Amino acid sequence: MGRLFWKSFIALWLTLTLSVLAVGAAVWLYRGANEDAARLEVATYRSNIALDTVESVLQHGGPQAAHQFLMRRLPRGGPSVLVVDANGHELLGRPVPPEQHDHTRQIQTADGASLQLIAVPPPPRNHGFGARRTPPPMWVPVSTILLASLVFSALLAWYVAKPIRVLKRAFDAAADGQLDTRVAPLMGGRRDEIADLGHDFDRMAAQLQAQIAAQRRLLHDVSHELRSPLARMQAAIGLGRQSPDKQDTMLERIERESARLDTLVGELLTLSRLEAGASGRAEHLELVELIAGIADDAQFEAEAQGRSLVFSGEGECWTWAQSELIHRAFENVIRNAVKYTAEGTQVDVTVQLSADHVQVVVADRGPGVPADELEAIFEPFHRGDAGAPGFGLGLAIARRALAAHGGQIRAQSREGGGLVVEMVLPRRAQAPQGTS
C-alpha cells in the first residue's frame, strides 16, 4: 500500500470514528437523562395514585377496609403502600424500612388516629419474558463503531488509492519507453475524475507513440533522401578524378546535387520549425493579391510547359499572418498542381471570400490520387508515384503552415480525373499573441 492509501485511510478513519463517537455519546447521554426523568415521573405519579387510594379507603372504611384492600392488592405489583401507626406498627405486619422514602404522607383518620402512609416502589424485574434487559456495556457499541469505521475507511481508501497506483505504474512504464501502456482497461467500471485522468493518459501515450513513430519514419526518409544526392556527388567526384576531360560535366553535376541538397535542407528546416510550433513575425497581409501574384508566376511556368492556369477571385481579404509561411503554403499547392496536370490542360485557382475566412480551391487535371492516399499525401516524403519529382515535402509544409494559422487543407479526387485541393484560412482582425 502506498502513502496515499495510508493518509486517506487514517484521515477517513479518524473522521468517521470521532464523528460517530461524538454523536453516539450525545445520544447516549440525552437518552439516559430522558429515561431517568421519565422513570422518576412515572414512579412519582404511581406512588401518588397509590397513596390517594389507600388514604381514601382509610377515611371512608377505616383500618379494616384498608386491611382488606391492601391484602387484595399485594399480588398486583406496583408501589406497595405501608400503613404505619404512631407506635411504628404496620397494618399488615410488614416490616417498615428504616431508610427515608420520597413518597410518604401523614393522615388523620375519622376516629382521630394519626397514621403514616409510605409508598415503596416495587423491586426491578430482571427475569422472565418481556422483562427489561440491562443495556450492554459501553465497550460493545464503541468496539462495533470502531470496527465498522475501520472497514469502511479501508475500503474507501483502497478505492481511491488503487487507480493512483495504476497510473503511477503506467507513468513509470511510459518513462521507460513503453508507450503502448494503456490505463483505461485497468480502471474497470469507474466513472469519475480519476478514470478521466486514465483516459487522458492513454490519449497522451497514443499521441506520443504516433509522434515518435512519425519522427522515426521522418529520420529514415531524410537519411534516404540525403544518401542519394551524396552518393551521386561522390560518384561525380570519382569520375572527375578518373577522367580529367569530364571535370566540367562532373562539376555541373555536383552543383546540381548541391542545389538539390540545399533545397532539401531548407524544406526540412521549415518543416521542423512548423512541427515545433515556432512562431515568427506576423504581418498584415492582403490574401487575394498574394494568391493572385503566386498564380501569375505559376501561369508563366505553366505556359513554358504547354499548360495553362486560370485565376478567379475578387475583393480584398486582410488578415494577420506570417508572410513567408502563408506564401509558401499557397505556392507549394499551386505549383504542385501545375507540375502534375497533364500537358495541354488547365489548372483552376479560385478564391472565395466570406465574413470570417478565405477559401482557396486549386483543381488540376493530373493523374489524381487514390482514395486511400488522399490523407497520406500531406505526410512528409510521401510520393504516390515512385518516379515523381521532388521530395514529397510541399504538401506537408502547406498543411502545417495553414494549421499554424488556424487553417485547414484537404484533398479530393476531381470528377473526370485530377485532384482538387481546398484550403481554408480564417481572417484575423489583429496579430495573434505570441508572434513577434
# chains A, B, ... in the order shown; residues from 1 in each chain; ligands from 1
>>> residues_around(residues="Ala337 (chain A)", least_positions_apart="2", cutoff="12 Å", atoms="only C-alpha atoms", output="PyMOL selection string")
chain A and resi 295+298-299+301-302+307-309+330-335+339-343+345-349+361-368+394-395+411+418-421
>>> atom_distance(atom1="CA of Ser149 (chain A)", atom2="CA of Trp13 (chain A)")
5.9 Å
>>> select_by_dssp(residues="region 178-366 of chain A", states="alpha helix (DSSP H)", output="ChimeraX atom specification")
/A:193-242,247-275,287-304,323-340
>>> select_by_dssp(residues="region 247-369 of chain A", states="strand (DSSP E or B)", output="list in words")
Glu283, His284, Leu285, Glu286, Ser308, Leu309, Val310, Phe311, Ser312, Trp318, Thr319, Trp320, Ala321, Gln346, Val347, Asp348, Val349, Thr350, Val351, Gln352, Leu353, His357, Val358, Gln359, Val360, Val361, Val362 and Ala363 of chain A
>>> closest_residue(among="A:Asp262, A:Glu324, A:Asp248, A:Glu375", to="Leu285 (chain A)", atoms="only C-alpha atoms")
A:Glu324
>>> decode(residues="region 248-347 of chain A", atoms="C-alpha atoms", output="compact mmCIF listing (two decimals), in the first residue's frame")
# COMPACT_ATOMS: atom_id res chain seq x y z
CA ASP A 248 33.41 20.39 -66.17
CA THR A 249 30.49 18.00 -66.64
CA MET A 250 31.07 16.45 -63.22
CA LEU A 251 31.29 19.87 -61.60
CA GLU A 252 27.93 20.79 -63.12
CA ARG A 253 26.53 17.54 -61.75
CA ILE A 254 27.95 18.28 -58.29
CA GLU A 255 26.49 21.79 -58.46
CA ARG A 256 23.02 20.43 -59.28
CA GLU A 257 23.20 17.91 -56.45
CA SER A 258 24.40 20.62 -54.05
CA ALA A 259 21.45 22.80 -55.00
CA ARG A 260 19.18 19.81 -54.53
CA LEU A 261 20.63 19.21 -51.08
CA ASP A 262 20.27 22.90 -50.22
CA THR A 263 16.61 22.83 -51.22
CA LEU A 264 16.01 19.65 -49.21
CA VAL A 265 17.69 21.04 -46.09
CA GLY A 266 15.72 24.28 -46.39
CA GLU A 267 12.43 22.44 -46.62
CA LEU A 268 13.40 20.20 -43.72
CA LEU A 269 14.23 23.23 -41.59
CA THR A 270 10.88 24.80 -42.47
CA LEU A 271 9.05 21.57 -41.65
CA SER A 272 10.95 21.20 -38.39
CA ARG A 273 10.12 24.76 -37.37
CA LEU A 274 6.45 24.19 -38.10
CA GLU A 275 6.44 20.87 -36.22
CA ALA A 276 8.00 22.59 -33.20
CA GLY A 277 5.35 25.31 -33.30
CA ALA A 278 7.86 28.12 -33.59
CA SER A 279 6.22 31.48 -34.26
CA GLY A 280 7.57 34.35 -36.30
CA ARG A 281 6.63 37.93 -37.04
CA ALA A 282 3.01 38.38 -38.10
CA GLU A 283 2.26 40.85 -40.89
CA HIS A 284 -0.93 42.45 -42.14
CA LEU A 285 -1.47 40.71 -45.49
CA GLU A 286 -3.97 41.05 -48.29
CA LEU A 287 -4.54 37.42 -49.28
CA VAL A 288 -6.32 37.87 -52.63
CA GLU A 289 -3.45 39.93 -54.01
CA LEU A 290 -0.92 37.49 -52.53
CA ILE A 291 -2.57 34.45 -54.17
CA ALA A 292 -3.05 36.32 -57.44
CA GLY A 293 0.69 37.06 -57.55
CA ILE A 294 1.54 33.40 -56.91
CA ALA A 295 -0.92 32.34 -59.63
CA ASP A 296 0.61 34.81 -62.09
CA ASP A 297 4.11 33.38 -61.54
CA ALA A 298 2.75 29.83 -61.83
CA GLN A 299 0.95 30.78 -65.08
CA PHE A 300 4.29 31.82 -66.57
CA GLU A 301 5.81 28.43 -65.67
CA ALA A 302 2.73 26.57 -66.93
CA GLU A 303 2.88 28.20 -70.35
CA ALA A 304 6.52 27.18 -70.71
CA GLN A 305 5.42 23.56 -70.12
CA GLY A 306 2.45 23.57 -72.50
CA ARG A 307 -0.12 24.04 -69.73
CA SER A 308 -2.31 26.91 -68.54
CA LEU A 309 -3.61 28.35 -65.28
CA VAL A 310 -6.77 30.39 -64.70
CA PHE A 311 -7.19 32.50 -61.58
CA SER A 312 -10.56 33.78 -60.38
CA GLY A 313 -11.15 35.87 -57.30
CA GLU A 314 -12.26 39.38 -56.42
CA GLY A 315 -12.31 41.65 -53.44
CA GLU A 316 -9.92 42.11 -50.54
CA CYS A 317 -9.17 39.87 -47.56
CA TRP A 318 -6.86 41.38 -44.96
CA THR A 319 -5.51 39.21 -42.19
CA TRP A 320 -2.59 38.89 -39.81
CA ALA A 321 -0.22 36.04 -40.68
CA GLN A 322 3.41 35.09 -41.19
CA SER A 323 4.00 36.13 -44.76
CA GLU A 324 6.70 33.61 -45.61
CA LEU A 325 4.76 30.58 -44.35
CA ILE A 326 1.45 31.57 -45.93
CA HIS A 327 3.13 32.39 -49.24
CA ARG A 328 4.92 29.06 -49.19
CA ALA A 329 1.74 27.12 -48.37
CA PHE A 330 -0.25 28.52 -51.31
CA GLU A 331 2.76 28.42 -53.64
CA ASN A 332 3.50 24.75 -52.89
CA VAL A 333 -0.07 23.69 -53.66
CA ILE A 334 -0.43 25.79 -56.85
CA ARG A 335 2.98 24.85 -58.29
CA ASN A 336 2.36 21.24 -57.37
CA ALA A 337 -0.85 21.34 -59.44
CA VAL A 338 1.00 22.90 -62.40
CA LYS A 339 3.68 20.22 -62.14
CA TYR A 340 1.26 17.27 -62.23
CA THR A 341 -1.52 18.48 -64.50
CA ALA A 342 -1.45 16.86 -67.93
CA GLU A 343 0.09 18.71 -70.86
CA GLY A 344 -2.48 20.83 -72.68
CA THR A 345 -4.79 21.00 -69.62
CA GLN A 346 -5.71 23.83 -67.30
CA VAL A 347 -5.26 24.44 -63.57
